[in-house]
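As stored in model-v6.pdb (PDB, C-alpha atoms, pLDDT in the B column):
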```pdb
ATOM      1  CA  MET A 757      23.717 -51.362   1.883  1.00 54.00           C
ATOM      2  CA  GLU A 758      20.086 -50.639   2.473  1.00 54.00           C
ATOM      3  CA  VAL A 759      18.122 -48.524  -0.015  1.00 50.00           C
ATOM      4  CA  ARG A 760      15.083 -46.751   1.334  1.00 54.00           C
ATOM      5  CA  ALA A 761      12.206 -45.463  -0.716  1.00 55.00           C
ATOM      6  CA  GLY A 762      11.179 -41.950   0.067  1.00 57.00           C
ATOM      7  CA  VAL A 763      12.028 -38.340  -0.348  1.00 51.00           C
ATOM      8  CA  ARG A 764      15.184 -36.764   0.986  1.00 58.00           C
ATOM      9  CA  PRO A 765      14.789 -33.666   3.182  1.00 55.00           C
ATOM     10  CA  ARG A 766      17.069 -31.698   0.855  1.00 56.00           C
ATOM     11  CA  ASN A 767      14.815 -32.474  -2.131  1.00 50.00           C
ATOM     12  CA  VAL A 768      11.757 -31.435  -0.152  1.00 44.00           C
ATOM     13  CA  ALA A 769      13.402 -28.112   0.704  1.00 46.00           C
ATOM     14  CA  ILE A 770      14.319 -27.452  -2.939  1.00 51.00           C
ATOM     15  CA  LEU A 771      10.815 -28.357  -4.135  1.00 45.00           C
ATOM     16  CA  LEU A 772       9.239 -26.135  -1.490  1.00 43.00           C
ATOM     17  CA  CYS A 773      11.446 -23.177  -2.471  1.00 42.00           C
ATOM     18  CA  LEU A 774      10.629 -23.600  -6.151  1.00 42.00           C
ATOM     19  CA  THR A 775       6.903 -23.888  -5.461  1.00 42.00           C
ATOM     20  CA  LEU A 776       6.811 -20.792  -3.278  1.00 42.00           C
ATOM     21  CA  THR A 777       8.891 -18.753  -5.720  1.00 41.00           C
ATOM     22  CA  ALA A 778       6.732 -19.693  -8.699  1.00 45.00           C
ATOM     23  CA  GLY A 779       3.521 -19.089  -6.797  1.00 44.00           C
ATOM     24  CA  CYS A 780       4.430 -15.628  -5.513  1.00 45.00           C
ATOM     25  CA  GLY A 781       4.167 -14.106  -8.980  1.00 42.00           C
ATOM     26  CA  SER A 782       0.524 -15.039  -9.294  1.00 47.00           C
ATOM     27  CA  TRP A 783      -0.283 -13.721  -5.807  1.00 58.00           C
ATOM     28  CA  ASN A 784       0.879 -10.246  -6.828  1.00 74.00           C
ATOM     29  CA  SER A 785      -0.611 -10.234 -10.315  1.00 87.00           C
ATOM     30  CA  THR A 786      -2.335  -6.947 -11.053  1.00 92.00           C
ATOM     31  CA  ASP A 787      -4.789  -6.341 -13.899  1.00 94.00           C
ATOM     32  CA  ILE A 788      -6.199  -3.175 -15.369  1.00 94.00           C
ATOM     33  CA  ASP A 789      -9.522  -3.655 -17.155  1.00 95.00           C
ATOM     34  CA  TYR A 790     -10.704  -0.996 -19.592  1.00 96.00           C
ATOM     35  CA  VAL A 791     -14.435  -1.083 -20.230  1.00 95.00           C
ATOM     36  CA  ASN A 792     -16.653   1.004 -22.504  1.00 96.00           C
ATOM     37  CA  LEU A 793     -20.334   0.910 -21.555  1.00 94.00           C
ATOM     38  CA  SER A 794     -21.320   3.674 -23.973  1.00 94.00           C
ATOM     39  CA  ILE A 795     -22.565   3.058 -27.511  1.00 94.00           C
ATOM     40  CA  GLU A 796     -19.661   5.126 -28.887  1.00 94.00           C
ATOM     41  CA  ARG A 797     -16.222   3.930 -29.895  1.00 96.00           C
ATOM     42  CA  VAL A 798     -13.618   5.964 -27.984  1.00 96.00           C
ATOM     43  CA  TYR A 799      -9.862   6.378 -28.225  1.00 97.00           C
ATOM     44  CA  ALA A 800      -8.368   6.992 -24.778  1.00 97.00           C
ATOM     45  CA  THR A 801      -4.991   7.945 -23.347  1.00 97.00           C
ATOM     46  CA  ILE A 802      -4.303   7.732 -19.628  1.00 96.00           C
ATOM     47  CA  THR A 803      -1.486   9.410 -17.709  1.00 96.00           C
ATOM     48  CA  GLY A 804      -0.655   9.292 -14.027  1.00 96.00           C
ATOM     49  CA  VAL A 805      -0.327   5.503 -14.034  1.00 94.00           C
ATOM     50  CA  THR A 806       3.027   3.687 -14.047  1.00 91.00           C
ATOM     51  CA  PRO A 807       3.656   1.661 -16.093  1.00 90.00           C
ATOM     52  CA  ASN A 808       1.909   3.606 -18.838  1.00 88.00           C
ATOM     53  CA  VAL A 809      -0.821   1.290 -20.049  1.00 87.00           C
ATOM     54  CA  SER A 810      -3.183   3.429 -22.129  1.00 92.00           C
ATOM     55  CA  PRO A 811      -5.952   1.405 -23.754  1.00 94.00           C
ATOM     56  CA  GLY A 812      -6.170   3.108 -27.161  1.00 95.00           C
ATOM     57  CA  ALA A 813      -9.423   2.164 -28.921  1.00 96.00           C
ATOM     58  CA  LEU A 814     -12.299   0.917 -26.777  1.00 96.00           C
ATOM     59  CA  LEU A 815     -15.129  -0.737 -28.661  1.00 94.00           C
ATOM     60  CA  PRO A 816     -18.665   0.357 -27.799  1.00 94.00           C
ATOM     61  CA  GLY A 817     -20.971  -1.432 -25.418  1.00 91.00           C
ATOM     62  CA  THR A 818     -24.755  -1.506 -25.438  1.00 89.00           C
ATOM     63  CA  GLY A 819     -25.306   1.455 -23.139  1.00 80.00           C
ATOM     64  CA  THR A 820     -25.792  -0.805 -20.126  1.00 81.00           C
ATOM     65  CA  GLU A 821     -23.445  -3.744 -20.748  1.00 82.00           C
ATOM     66  CA  GLU A 822     -19.899  -4.177 -21.921  1.00 83.00           C
ATOM     67  CA  LEU A 823     -19.385  -6.173 -25.077  1.00 85.00           C
ATOM     68  CA  LYS A 824     -15.622  -6.268 -25.049  1.00 87.00           C
ATOM     69  CA  ARG A 825     -12.960  -5.205 -22.577  1.00 89.00           C
ATOM     70  CA  LYS A 826      -9.241  -4.676 -22.803  1.00 93.00           C
ATOM     71  CA  THR A 827      -7.085  -6.024 -20.025  1.00 93.00           C
ATOM     72  CA  ALA A 828      -3.476  -5.274 -19.183  1.00 92.00           C
ATOM     73  CA  HIS A 829      -2.012  -8.150 -17.142  1.00 92.00           C
ATOM     74  CA  LEU A 830       0.911  -6.886 -15.081  1.00 90.00           C
ATOM     75  CA  GLY A 831       3.110  -9.112 -12.986  1.00 84.00           C
ATOM     76  CA  GLY A 832       4.064  -6.529 -10.397  1.00 87.00           C
ATOM     77  CA  SER A 833       2.705  -3.371  -8.899  1.00 90.00           C
ATOM     78  CA  ILE A 834       1.050  -0.326 -10.447  1.00 92.00           C
ATOM     79  CA  ALA A 835       1.777   3.185  -9.169  1.00 95.00           C
ATOM     80  CA  PHE A 836      -0.915   5.876  -9.328  1.00 95.00           C
ATOM     81  CA  ASP A 837      -0.314   9.608  -9.118  1.00 97.00           C
ATOM     82  CA  ASP A 838      -2.763  11.613  -7.021  1.00 97.00           C
ATOM     83  CA  ALA A 839      -4.297  12.950 -10.253  1.00 97.00           C
ATOM     84  CA  ILE A 840      -5.046  10.584 -13.125  1.00 96.00           C
ATOM     85  CA  SER A 841      -5.621  12.245 -16.479  1.00 97.00           C
ATOM     86  CA  ILE A 842      -7.826  10.611 -19.096  1.00 98.00           C
ATOM     87  CA  SER A 843      -8.106  12.214 -22.507  1.00 97.00           C
ATOM     88  CA  TRP A 844     -10.290  10.745 -25.210  1.00 97.00           C
ATOM     89  CA  THR A 845     -11.876  11.266 -28.583  1.00 97.00           C
ATOM     90  CA  VAL A 846     -15.176   9.795 -29.692  1.00 96.00           C
ATOM     91  CA  HIS A 847     -14.919   8.022 -33.059  1.00 95.00           C
ATOM     92  CA  GLY A 848     -16.057  10.260 -35.897  1.00 92.00           C
ATOM     93  CA  THR A 849     -15.355  13.510 -34.041  1.00 93.00           C
ATOM     94  CA  SER A 850     -12.244  15.637 -33.718  1.00 92.00           C
ATOM     95  CA  THR A 851     -13.037  16.994 -30.246  1.00 95.00           C
ATOM     96  CA  ARG A 852     -10.532  15.852 -27.656  1.00 97.00           C
ATOM     97  CA  ARG A 853     -11.868  15.769 -24.116  1.00 97.00           C
ATOM     98  CA  GLU A 854      -9.960  15.450 -20.875  1.00 97.00           C
ATOM     99  CA  VAL A 855     -10.804  14.779 -17.261  1.00 97.00           C
ATOM    100  CA  LEU A 856      -8.658  14.719 -14.129  1.00 97.00           C
ATOM    101  CA  LEU A 857      -9.650  12.114 -11.566  1.00 97.00           C
ATOM    102  CA  ASN A 858      -8.377  12.048  -7.993  1.00 96.00           C
ATOM    103  CA  ARG A 859      -7.386   8.476  -7.170  1.00 94.00           C
ATOM    104  CA  LYS A 860      -8.349   9.007  -3.507  1.00 95.00           C
ATOM    105  CA  ASP A 861     -11.947   9.799  -4.520  1.00 96.00           C
ATOM    106  CA  PHE A 862     -12.197   6.252  -5.890  1.00 94.00           C
ATOM    107  CA  GLY A 863     -10.355   4.500  -3.049  1.00 94.00           C
ATOM    108  CA  ILE A 864      -7.339   3.671  -5.204  1.00 94.00           C
ATOM    109  CA  PRO A 865      -4.107   3.339  -3.171  1.00 95.00           C
ATOM    110  CA  ARG A 866      -0.920   5.000  -4.412  1.00 95.00           C
ATOM    111  CA  GLU A 867       0.538   1.558  -5.174  1.00 94.00           C
ATOM    112  CA  VAL A 868      -1.549  -1.430  -6.174  1.00 93.00           C
ATOM    113  CA  ARG A 869       0.049  -4.856  -5.836  1.00 92.00           C
ATOM    114  CA  GLY A 870      -2.376  -7.606  -6.677  1.00 92.00           C
ATOM    115  CA  GLY A 871      -6.022  -7.326  -7.578  1.00 92.00           C
ATOM    116  CA  LYS A 872      -7.808  -5.489 -10.348  1.00 93.00           C
ATOM    117  CA  VAL A 873      -8.323  -1.863 -11.315  1.00 94.00           C
ATOM    118  CA  ARG A 874     -11.301  -1.256 -13.585  1.00 95.00           C
ATOM    119  CA  ILE A 875     -11.410   1.948 -15.644  1.00 95.00           C
ATOM    120  CA  THR A 876     -14.852   2.447 -17.171  1.00 95.00           C
ATOM    121  CA  TYR A 877     -16.228   4.894 -19.727  1.00 96.00           C
ATOM    122  CA  THR A 878     -19.912   5.030 -18.831  1.00 95.00           C
ATOM    123  CA  ALA A 879     -23.030   5.498 -20.954  1.00 93.00           C
ATOM    124  CA  ALA A 880     -23.280   8.977 -19.386  1.00 95.00           C
ATOM    125  CA  ARG A 881     -19.868   9.818 -20.946  1.00 94.00           C
ATOM    126  CA  THR A 882     -18.035   9.936 -17.629  1.00 96.00           C
ATOM    127  CA  TRP A 883     -15.104   7.902 -16.334  1.00 97.00           C
ATOM    128  CA  GLU A 884     -15.045   5.732 -13.220  1.00 95.00           C
ATOM    129  CA  LEU A 885     -12.271   3.901 -11.403  1.00 95.00           C
ATOM    130  CA  LYS A 886     -12.726   0.866  -9.199  1.00 95.00           C
ATOM    131  CA  TYR A 887     -10.196  -1.230  -7.313  1.00 94.00           C
ATOM    132  CA  SER A 888     -10.902  -4.730  -6.073  1.00 93.00           C
ATOM    133  CA  ARG A 889      -8.509  -7.080  -4.368  1.00 86.00           C
TER
END
```

How would this structure read if it were set down as structure tokens?
Amino acid sequence: MEVRAGVRPRNVAILLCLTLTAGCGSWNSTDIDYVNLSIERVYATITGVTPNVSPGALLPGTGTEELKRKTAHLGGSIAFDDAISISWTVHGTSTRREVLLNRKDFGIPREVRGGKVRITYTAARTWELKYSR
């Protein structure tokens, strides 16, 4: 009986299937970054995004640069309603503010699968959305 060194076709097929299956999750990984560029600490709640991934407290930046961001790493897709509501309070105040943003105005598709969505509270006290693949 002759023994040959090498890899059997069946083993190659199994290895290929496992590699492709494991790799597909990272191809569709979606992140939401929450950034605060203002010098104020804010507490934010966001609706119109599924799954609900509100950031809570966002630490202040310098006015022009972020110092710390929060990131939600999601393995699958994110669904956005046409209107995204952000309500927030600035630390030390009791005034609750709210803004409705139209996802289409920021080029956000209804469903995001893969890439990054950045939600930014600016130094001008406005909110911005940005999607990058």

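With all atoms listed in the file as the atoms that count, the residue of A:Ile840, A:Leu823, A:Leu793, A:Ile788 with the shortest distance to Asp861 (chain A) is A:Ile840.
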
TODO: Name the residues that the PyMOL selection byres ((chain A and resi 875-881) around 12) picks from the file above, as a ChimeraX atom specification, using the file's chain letters and numbers.
DONE: /A:787-802,805,809-811,813-822,824-828,840-846,853-855,857,859,862,864,872-874,882-888

Those selected residues, please, written with C-alpha atoms and delivered as an mmCIF file, keeping the file's coordinate frame.
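Result file again.cif:
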```
data_model
loop_
_atom_site.group_PDB
_atom_site.id
_atom_site.type_symbol
_atom_site.label_atom_id
_atom_site.label_comp_id
_atom_site.auth_asym_id
_atom_site.auth_seq_id
_atom_site.Cartn_x
_atom_site.Cartn_y
_atom_site.Cartn_z
ATOM 1 C CA ASP A 787 -4.789 -6.341 -13.899
ATOM 2 C CA ILE A 788 -6.199 -3.175 -15.369
ATOM 3 C CA ASP A 789 -9.522 -3.655 -17.155
ATOM 4 C CA TYR A 790 -10.704 -0.996 -19.592
ATOM 5 C CA VAL A 791 -14.435 -1.083 -20.230
ATOM 6 C CA ASN A 792 -16.653 1.004 -22.504
ATOM 7 C CA LEU A 793 -20.334 0.910 -21.555
ATOM 8 C CA SER A 794 -21.320 3.674 -23.973
ATOM 9 C CA ILE A 795 -22.565 3.058 -27.511
ATOM 10 C CA GLU A 796 -19.661 5.126 -28.887
ATOM 11 C CA ARG A 797 -16.222 3.930 -29.895
ATOM 12 C CA VAL A 798 -13.618 5.964 -27.984
ATOM 13 C CA TYR A 799 -9.862 6.378 -28.225
ATOM 14 C CA ALA A 800 -8.368 6.992 -24.778
ATOM 15 C CA THR A 801 -4.991 7.945 -23.347
ATOM 16 C CA ILE A 802 -4.303 7.732 -19.628
ATOM 17 C CA VAL A 805 -0.327 5.503 -14.034
ATOM 18 C CA VAL A 809 -0.821 1.290 -20.049
ATOM 19 C CA SER A 810 -3.183 3.429 -22.129
ATOM 20 C CA PRO A 811 -5.952 1.405 -23.754
ATOM 21 C CA ALA A 813 -9.423 2.164 -28.921
ATOM 22 C CA LEU A 814 -12.299 0.917 -26.777
ATOM 23 C CA LEU A 815 -15.129 -0.737 -28.661
ATOM 24 C CA PRO A 816 -18.665 0.357 -27.799
ATOM 25 C CA GLY A 817 -20.971 -1.432 -25.418
ATOM 26 C CA THR A 818 -24.755 -1.506 -25.438
ATOM 27 C CA GLY A 819 -25.306 1.455 -23.139
ATOM 28 C CA THR A 820 -25.792 -0.805 -20.126
ATOM 29 C CA GLU A 821 -23.445 -3.744 -20.748
ATOM 30 C CA GLU A 822 -19.899 -4.177 -21.921
ATOM 31 C CA LYS A 824 -15.622 -6.268 -25.049
ATOM 32 C CA ARG A 825 -12.960 -5.205 -22.577
ATOM 33 C CA LYS A 826 -9.241 -4.676 -22.803
ATOM 34 C CA THR A 827 -7.085 -6.024 -20.025
ATOM 35 C CA ALA A 828 -3.476 -5.274 -19.183
ATOM 36 C CA ILE A 840 -5.046 10.584 -13.125
ATOM 37 C CA SER A 841 -5.621 12.245 -16.479
ATOM 38 C CA ILE A 842 -7.826 10.611 -19.096
ATOM 39 C CA SER A 843 -8.106 12.214 -22.507
ATOM 40 C CA TRP A 844 -10.290 10.745 -25.210
ATOM 41 C CA THR A 845 -11.876 11.266 -28.583
ATOM 42 C CA VAL A 846 -15.176 9.795 -29.692
ATOM 43 C CA ARG A 853 -11.868 15.769 -24.116
ATOM 44 C CA GLU A 854 -9.960 15.450 -20.875
ATOM 45 C CA VAL A 855 -10.804 14.779 -17.261
ATOM 46 C CA LEU A 857 -9.650 12.114 -11.566
ATOM 47 C CA ARG A 859 -7.386 8.476 -7.170
ATOM 48 C CA PHE A 862 -12.197 6.252 -5.890
ATOM 49 C CA ILE A 864 -7.339 3.671 -5.204
ATOM 50 C CA LYS A 872 -7.808 -5.489 -10.348
ATOM 51 C CA VAL A 873 -8.323 -1.863 -11.315
ATOM 52 C CA ARG A 874 -11.301 -1.256 -13.585
ATOM 53 C CA THR A 882 -18.035 9.936 -17.629
ATOM 54 C CA TRP A 883 -15.104 7.902 -16.334
ATOM 55 C CA GLU A 884 -15.045 5.732 -13.220
ATOM 56 C CA LEU A 885 -12.271 3.901 -11.403
ATOM 57 C CA LYS A 886 -12.726 0.866 -9.199
ATOM 58 C CA TYR A 887 -10.196 -1.230 -7.313
ATOM 59 C CA SER A 888 -10.902 -4.730 -6.073
#
```

TODO: Could you jot down the CA of Asp837 (chain A) to CA of Thr851 (chain A) separation for me, Å, one decimal place?
DONE: 25.7 Å

Open item on the list: Expand the PyMOL selection byres ((chain A and resi 867) around 10) into the explicit residue set it covers here, and present it as a PyMOL selection string.
Closed with: chain A and resi 805-806+833-837+864-866+868-870

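Rounded to one decimal, CA of His829 (chain A) and CA of Thr803 (chain A) lie 17.6 Å from each other.
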
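Computed from the coordinates, the CA of Gly812 (chain A) to CA of Asn784 (chain A) distance equals 25.3 Å.
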
TODO: Point out the residue among A:Asn858, A:Ser785, A:Ser850, A:Asn808 with the least atom-to-atom distance to Asp838 (chain A), counting all atoms listed in the file.
DONE: A:Asn858

Adding 3 Å on each side of the box along x, y and z that holds all listed atoms of region 792-808 of chain A, could you give its centre and edge lengths in Å to one decimal, as AutoDock Vina command-line options?
```
--center_x -9.5 --center_y 5.2 --center_z -22.0 --size_x 32.2 --size_y 14.5 --size_z 21.9
```
